[in-house]
file input_14.txt (compact mmCIF, C-alpha atoms)
# COMPACT_ATOMS: atom_id res chain seq x y z
CA TRP G 1 0.00 0.00 0.00
CA ARG G 2 2.85 2.43 0.79
CA ILE G 3 4.49 1.73 -2.56
CA LEU G 4 1.21 2.28 -4.43
CA ARG G 5 0.66 5.53 -2.54
CA PHE G 6 4.16 6.66 -3.54
CA VAL G 7 3.51 5.89 -7.22
CA LYS G 8 0.19 7.74 -7.16
CA LEU G 9 1.70 10.83 -5.55
CA HIS G 10 4.91 11.13 -7.50
CA MET G 11 3.98 9.78 -10.89
CA PHE G 12 0.67 11.59 -11.26
CA SER G 13 0.20 14.37 -8.71
CA TRP G 14 3.52 15.97 -9.53
CA MET G 15 2.93 16.17 -13.28
CA PRO G 16 1.26 19.62 -13.22
CA SER G 17 4.03 20.94 -10.95
CA ILE G 18 6.77 19.66 -13.23
CA LEU G 19 5.15 21.16 -16.30
CA LYS G 20 4.44 24.46 -14.56
CA PRO G 21 6.71 26.12 -11.96
CA PRO G 22 5.30 26.49 -8.42
CA ASP G 23 4.36 30.16 -8.86
CA PHE G 24 1.05 29.63 -7.08
CA LEU G 25 2.41 30.87 -3.74
CA GLN G 26 1.86 34.57 -4.41
CA THR G 27 -1.70 34.21 -5.67
CA ARG G 28 -2.67 31.73 -2.96
CA TYR G 29 -1.05 33.36 0.07
CA GLY G 30 -0.57 36.98 -0.99
CA ALA G 31 2.45 38.61 -2.62
CA GLY G 32 4.60 40.56 -0.19
CA SER G 33 2.96 39.04 2.90
CA TRP G 34 5.09 37.90 5.84
CA VAL G 35 6.47 34.39 6.26
CA VAL G 36 7.63 33.35 9.74
CA ILE G 37 10.45 30.79 9.68
CA THR G 38 12.14 29.21 12.69
CA GLY G 39 15.57 27.66 12.35
CA ALA G 40 16.13 30.21 9.59
CA SER G 41 19.92 30.51 9.86
CA GLU G 42 20.87 27.25 8.19
CA GLY G 43 19.69 23.94 6.81
CA ILE G 44 16.10 23.44 5.71
CA GLY G 45 14.91 26.63 7.40
CA ALA G 46 17.39 28.72 5.41
CA ALA G 47 16.37 26.89 2.23
CA PHE G 48 12.73 27.85 2.82
CA CYS G 49 13.85 31.46 3.31
CA HIS G 50 15.36 31.42 -0.18
CA GLU G 51 12.25 29.79 -1.68
CA PHE G 52 9.91 32.45 -0.31
CA ALA G 53 12.29 35.38 -0.80
CA SER G 54 12.70 34.44 -4.46
CA ARG G 55 8.92 34.92 -4.79
CA ASN G 56 9.03 38.34 -3.11
CA PHE G 57 7.57 37.32 0.25
CA SER G 58 8.68 39.26 3.32
CA LEU G 59 10.57 37.22 5.92
CA ILE G 60 10.62 37.01 9.69
CA MET G 61 13.66 34.89 10.46
CA ILE G 62 13.82 33.32 13.92
CA ASP G 63 16.77 31.45 15.41
CA ASN G 64 18.82 31.15 18.58
CA GLU G 65 22.25 32.45 17.50
CA MET G 66 22.50 36.14 16.64
CA GLU G 67 25.66 35.98 14.51
CA LYS G 68 24.42 33.12 12.32
CA LEU G 69 20.99 34.74 11.97
CA GLN G 70 22.43 38.11 10.95
CA ALA G 71 24.79 36.46 8.47
CA ALA G 72 21.92 34.51 6.89
CA ALA G 73 19.78 37.65 6.71
CA SER G 74 22.61 39.60 5.08
CA THR G 75 23.06 36.90 2.45
CA LEU G 76 19.35 37.03 1.61
CA LYS G 77 19.32 40.83 1.42
CA GLU G 78 22.18 40.74 -1.08
CA ALA G 79 20.40 38.13 -3.19
CA TYR G 80 16.94 39.73 -2.92
CA PRO G 81 17.39 43.48 -2.26
CA THR G 82 13.67 44.32 -2.48
CA VAL G 83 12.56 41.74 0.10
CA LEU G 84 11.72 42.95 3.59
CA ILE G 85 13.50 40.94 6.30
CA GLU G 86 13.12 41.05 10.08
CA THR G 87 15.06 38.90 12.54
CA ILE G 88 14.15 37.62 15.99
CA VAL G 89 16.70 35.98 18.28
CA THR G 90 15.26 33.65 20.89
CA ASN G 91 16.34 30.83 23.17
CA PHE G 92 14.30 27.78 22.16
CA GLU G 93 15.37 26.00 25.34
CA GLN G 94 13.26 28.54 27.24
CA SER G 95 10.15 27.94 25.12
CA ALA G 96 8.44 26.01 27.93
CA GLU G 97 8.58 29.07 30.17
CA LYS G 98 5.57 31.33 30.58
CA GLY G 99 5.63 34.32 28.25
CA TRP G 100 8.13 32.88 25.75
CA VAL G 101 5.75 32.65 22.80
CA GLU G 102 4.21 36.06 23.62
CA GLY G 103 7.72 37.51 23.41
CA ILE G 104 7.73 36.48 19.75
CA THR G 105 4.12 37.13 18.78
CA ASP G 106 4.23 40.63 20.28
CA GLN G 107 6.87 41.44 17.64
CA LEU G 108 4.53 40.21 14.91
CA LYS G 109 1.69 42.60 15.65
CA GLY G 110 0.41 44.54 12.65
CA MET G 111 2.07 42.21 10.14
CA SER G 112 0.05 40.37 7.50
CA ILE G 113 1.39 36.88 8.18
CA SER G 114 0.55 34.25 5.58
CA VAL G 115 2.87 31.31 6.31
CA LEU G 116 4.55 29.75 9.35
CA VAL G 117 7.47 27.37 8.76
CA ASN G 118 8.47 25.39 11.87
CA ALA G 119 11.96 24.27 10.86
CA PHE G 120 13.86 24.29 14.16
CA PHE G 121 14.39 20.93 15.82
CA ARG G 122 17.19 18.99 17.44
CA GLN G 123 18.03 15.49 16.26
CA ALA G 124 19.75 13.51 19.00
CA ILE G 125 20.57 9.90 19.83
CA PHE G 126 20.60 9.13 23.54
CA ASP G 127 22.45 6.30 25.22
CA SER G 128 20.69 5.41 28.45
CA ASN G 129 24.04 4.58 30.04
CA THR G 130 25.63 7.98 29.49
CA THR G 131 22.86 10.47 28.77
CA VAL G 132 22.41 13.33 31.18
CA GLU G 133 18.77 13.84 32.04
CA GLU G 134 19.03 17.58 31.44
CA SER G 135 20.02 17.02 27.79
CA MET G 136 16.97 14.87 27.21
CA ARG G 137 14.74 17.45 28.85
CA LYS G 138 16.09 20.23 26.63
CA THR G 139 15.58 18.11 23.51
CA VAL G 140 11.96 17.48 24.45
CA ILE G 141 11.45 21.20 24.98
CA VAL G 142 13.05 22.53 21.78
CA ASN G 143 11.45 19.85 19.59
CA SER G 144 7.95 20.29 21.01
CA PHE G 145 7.08 23.65 22.54
CA PRO G 146 8.12 26.06 19.74
CA THR G 147 6.14 24.19 17.08
CA VAL G 148 3.05 23.65 19.24
CA LEU G 149 2.94 27.15 20.73
CA LEU G 150 3.67 29.09 17.54
CA THR G 151 1.17 27.02 15.59
CA GLN G 152 -1.46 27.60 18.27
CA LYS G 153 -0.87 31.37 18.28
CA ILE G 154 -0.49 32.00 14.54
CA MET G 155 -3.14 29.62 13.18
CA PRO G 156 -6.13 31.76 14.32
CA ARG G 157 -4.47 34.82 12.75
CA LEU G 158 -4.25 33.01 9.43
CA ALA G 159 -7.92 32.03 9.64
CA GLU G 160 -8.94 35.59 10.52
CA ARG G 161 -6.89 36.93 7.63
CA TYR G 162 -8.68 34.56 5.28
CA GLU G 163 -12.07 35.86 6.40
CA LYS G 164 -10.99 39.40 5.54
CA THR G 165 -8.97 38.88 2.36
CA LYS G 166 -9.88 35.37 1.11
CA LEU G 167 -6.15 34.67 0.96
CA ARG G 168 -5.26 31.33 2.46
CA GLY G 169 -2.49 30.72 4.98
CA ALA G 170 -0.10 27.82 5.45
CA ILE G 171 1.63 25.97 8.28
CA ILE G 172 4.69 23.93 7.30
CA THR G 173 6.41 21.79 9.94
CA VAL G 174 9.76 20.08 9.38
CA THR G 175 10.71 17.09 11.50
CA ALA G 176 12.61 13.93 10.49
CA ASP G 177 11.36 10.54 9.37
CA THR G 178 14.44 8.87 10.82
CA GLY G 179 12.93 9.37 14.26
CA THR G 180 9.78 7.51 13.26
CA ILE G 181 11.49 4.64 11.47
CA THR G 182 14.01 4.05 14.27
CA SER G 183 11.51 4.45 17.11
CA TRP G 184 12.12 0.80 18.00
CA HIS G 185 15.61 1.69 19.24
CA PRO G 186 15.86 3.10 22.81
CA GLY G 187 18.34 5.77 21.76
CA PHE G 188 15.78 7.33 19.39
CA LEU G 189 12.76 7.30 21.71
CA VAL G 190 12.97 11.00 22.65
CA HIS G 191 13.48 12.06 19.05
CA ALA G 192 10.70 9.78 17.78
CA ALA G 193 8.24 11.01 20.41
CA THR G 194 8.86 14.71 19.76
CA THR G 195 8.81 14.16 16.00
CA SER G 196 5.42 12.48 16.27
CA LEU G 197 4.07 15.30 18.45
CA SER G 198 5.04 18.00 15.96
CA ASN G 199 3.65 15.95 13.10
CA ILE G 200 0.30 15.33 14.83
CA CYS G 201 0.05 18.98 15.90
CA THR G 202 0.35 20.13 12.30
CA VAL G 203 -1.97 17.50 10.82
CA LEU G 204 -4.72 18.11 13.39
CA ALA G 205 -4.45 21.87 13.00
CA GLY G 206 -4.89 21.39 9.28
CA MET G 207 -8.04 19.38 9.83
CA LYS G 208 -9.55 22.04 12.08
CA PHE G 209 -8.75 24.98 9.79
CA GLN G 210 -8.87 23.23 6.42
CA GLU G 211 -11.21 25.83 4.96
CA SER G 212 -8.64 28.61 5.33
CA VAL G 213 -5.18 27.15 6.03
CA ASP G 214 -3.00 24.61 4.22
CA CYS G 215 -0.95 22.41 6.56
CA LEU G 216 2.01 20.28 5.53
CA SER G 217 4.13 18.04 7.75
CA ILE G 218 7.53 17.26 6.20
CA ASN G 219 9.43 14.22 7.47
CA PRO G 220 12.60 13.93 5.38
CA MET G 221 15.20 11.22 5.69
CA ALA G 222 18.90 12.22 5.59
CA VAL G 223 19.50 15.87 4.63
CA SER G 224 23.06 17.14 4.14
CA CYS G 225 24.18 19.99 6.38
CA HIS G 226 26.79 20.96 3.77
CA ASN G 227 24.45 21.38 0.77
CA VAL G 228 25.91 18.31 -0.93
CA ASP G 229 23.60 15.56 -2.10
CA GLY G 230 24.58 11.89 -2.10
CA VAL G 231 23.19 8.43 -2.66
CA VAL G 232 20.61 8.69 0.12
CA THR G 233 21.07 12.30 1.24
CA ILE G 234 19.58 15.41 -0.33
CA THR G 235 20.31 19.11 0.02
CA PRO G 236 18.11 21.45 2.07
CA ALA G 237 17.16 23.19 -1.18
CA GLN G 238 15.90 19.93 -2.67
CA CYS G 239 13.86 19.26 0.46
CA SER G 240 12.23 22.70 0.56
CA ARG G 241 11.57 22.88 -3.18
CA SER G 242 9.99 19.45 -3.39
CA SER G 243 7.87 20.18 -0.32
CA ILE G 244 6.47 23.33 -1.91
CA LEU G 245 5.58 21.31 -4.99
CA GLN G 246 3.56 18.95 -2.81
CA LEU G 247 1.98 21.80 -0.84
CA ARG G 248 0.50 22.89 -4.14
CA GLN G 249 -1.07 19.44 -4.59
CA GLY G 250 -2.79 19.57 -1.19
CA VAL G 251 -0.56 16.91 0.40
CA LYS G 252 -0.75 16.83 4.22
CA GLU G 253 2.24 14.65 5.06
CA THR G 254 5.34 13.98 3.00
CA ASN G 255 8.96 12.89 3.15
CA GLY G 256 9.74 15.67 0.69
CA TRP G 257 12.11 14.56 -2.07
CA TRP G 258 10.77 11.68 -4.18
CA PHE G 259 13.62 9.33 -3.26
CA HIS G 260 13.01 9.87 0.45
CA CYS G 261 9.34 9.04 -0.05
CA LEU G 262 10.30 5.81 -1.77
CA GLN G 263 12.97 5.04 0.83
CA SER G 264 10.58 5.63 3.73
CA SER G 265 7.85 3.52 2.13
CA ILE G 266 10.22 0.58 1.76
CA LEU G 267 11.77 0.87 5.24
CA GLN G 268 8.43 1.20 7.02
CA SER G 269 7.24 -1.96 5.27
CA LEU G 270 10.07 -4.00 6.80
CA PRO G 271 9.92 -5.79 10.18
CA TYR G 272 11.88 -4.17 13.01
CA SER G 273 14.13 -7.23 13.22
CA ILE G 274 15.37 -6.57 9.68
CA LEU G 275 15.83 -2.85 10.31
CA TYR G 276 17.86 -3.70 13.39
CA LYS G 277 20.24 -5.81 11.32
CA MET G 278 20.41 -3.25 8.48
CA TRP G 279 21.60 -0.41 10.70
CA PRO G 280 24.21 -1.87 13.09
CA GLN G 281 26.17 1.38 13.21
CA VAL G 282 23.10 3.34 14.27
CA VAL G 283 22.27 0.79 16.95
CA GLN G 284 25.80 0.87 18.33
CA LYS G 285 25.52 4.61 18.87
call {"tool": "encode", "arguments": {"input": "input_14.txt", "output": "structure tokens"}}
result
Amino acid sequence: WRILRFVKLHMFSWMPSILKPPDFLQTRYGAGSWVVITGASEGIGAAFCHEFASRNFSLIMIDNEMEKLQAAASTLKEAYPTVLIETIVTNFEQSAEKGWVEGITDQLKGMSISVLVNAFFRQAIFDSNTTVEESMRKTVIVNSFPTVLLTQKIMPRLAERYEKTKLRGAIITVTADTGTITSWHPGFLVHAATTSLSNICTVLAGMKFQESVDCLSINPMAVSCHNVDGVVTITPAQCSRSSILQLRQGVKETNGWWFHCLQSSILQSLPYSILYKMWPQVVQK
């Protein structure tokens, strides 16, 4: 069934997108409107910044390191001089504290926000023999609270905007399918649990606000941090671009790049005992 679903999605649903570039974003969400992106300094978050900036959307870039965030913003301003860019530095490890999300949303007042991209998460493998409890706690916090709280706060604004302008909004959440596939291994339990929470949060929000907001949960496999693709890895740009293609088709959940969708479909069809033998290096970690 997973293989058939893959064939249906990628052999048929993508045909219109391949024949016609994904220029639907401006007409669907509003040219020049604001896109909020967490994890915007590097990786998939930065790739989404380029995708939306290239279509003349305004950007609100959020991350936890000022120097990296300013450098990423400067690069975008050089590439897209007419695009408006605002930056917000925050400590995601404090996102469970009262008032954290209000500290961000207060800076968004008066802005016509059309899209939220939740792209900040921490992928970690924990060894029960050596892991410090505090590290696990921080991973749970940064992988869960920012996505849930920002989605909860911004989603009603997108719905209200739709009522006034008839322009839809979008919530895009990036996690990692490796956490789901390897959930059988104790070292991945924290990552798998937080990945599932972010995924469910986005999918359920999409069901509640389906009349006004498009929601897409992206669960890629291996993505290169150095913008170099390989046999099983893809670049952040490939992940973001392919995800936007599928957003156009109304897809709710995806692994992004076509090869990751195929890879995930095959791996999730295998028994855990086989997966355990296939990935001895992962298990040893």
call {"tool": "atom_distance", "arguments": {"input": "input_14.txt", "atom1": "CA of Ala46 in chain G", "atom2": "CA of Arg157 in chain G"}}
result
23.9 Å
call {"tool": "closest_residue", "arguments": {"input": "input_14.txt", "among": "G:Asn255, G:Gln70, G:Val83, G:Ser33", "to": "Thr165 in chain G", "atoms": "all atoms listed in the file"}}
result
G:Ser33
call {"tool": "atom_distance", "arguments": {"input": "input_14.txt", "atom1": "CA of Gly169 in chain G", "atom2": "CA of Ser212 in chain G"}}
result
6.5 Å
call {"tool": "residues_around", "arguments": {"input": "input_14.txt", "residues": "Trp34 in chain G", "least_positions_apart": "6", "cutoff": "8 Å", "atoms": "all atoms listed in the file", "output": "PDB file with C-alpha atoms, in the frame of the given file"}}
result
ATOM      1  CA  PHE G  57       7.570  37.320   0.250  1.00  0.00           C
ATOM      2  CA  SER G  58       8.680  39.260   3.320  1.00  0.00           C
ATOM      3  CA  LEU G  59      10.570  37.220   5.920  1.00  0.00           C
ATOM      4  CA  ILE G  60      10.620  37.010   9.690  1.00  0.00           C
ATOM      5  CA  MET G 111       2.070  42.210  10.140  1.00  0.00           C
ATOM      6  CA  SER G 112       0.050  40.370   7.500  1.00  0.00           C
ATOM      7  CA  ILE G 113       1.390  36.880   8.180  1.00  0.00           C
ATOM      8  CA  SER G 114       0.550  34.250   5.580  1.00  0.00           C
ATOM      9  CA  VAL G 115       2.870  31.310   6.310  1.00  0.00           C
TER      10      VAL G 115
END
call {"tool": "residues_around", "arguments": {"input": "input_14.txt", "residues": "Gln94 in chain G", "least_positions_apart": "2", "cutoff": "10 Å", "atoms": "only C-alpha atoms", "output": "list in words"}}
result
Thr90, Asn91, Phe92, Ala96, Glu97, Lys98, Gly99, Trp100, Val101, Lys138, Ile141, Val142, Phe145 and Pro146 of chain G
call {"tool": "write_last_selection", "arguments": {"input": "input_14.txt", "atoms": "C-alpha atoms", "output": "PDB file, in the frame of the given file"}}
result
ATOM      1  CA  THR G  90      15.260  33.650  20.890  1.00  0.00           C
ATOM      2  CA  ASN G  91      16.340  30.830  23.170  1.00  0.00           C
ATOM      3  CA  PHE G  92      14.300  27.780  22.160  1.00  0.00           C
ATOM      4  CA  ALA G  96       8.440  26.010  27.930  1.00  0.00           C
ATOM      5  CA  GLU G  97       8.580  29.070  30.170  1.00  0.00           C
ATOM      6  CA  LYS G  98       5.570  31.330  30.580  1.00  0.00           C
ATOM      7  CA  GLY G  99       5.630  34.320  28.250  1.00  0.00           C
ATOM      8  CA  TRP G 100       8.130  32.880  25.750  1.00  0.00           C
ATOM      9  CA  VAL G 101       5.750  32.650  22.800  1.00  0.00           C
ATOM     10  CA  LYS G 138      16.090  20.230  26.630  1.00  0.00           C
ATOM     11  CA  ILE G 141      11.450  21.200  24.980  1.00  0.00           C
ATOM     12  CA  VAL G 142      13.050  22.530  21.780  1.00  0.00           C
ATOM     13  CA  PHE G 145       7.080  23.650  22.540  1.00  0.00           C
ATOM     14  CA  PRO G 146       8.120  26.060  19.740  1.00  0.00           C
TER      15      PRO G 146
END
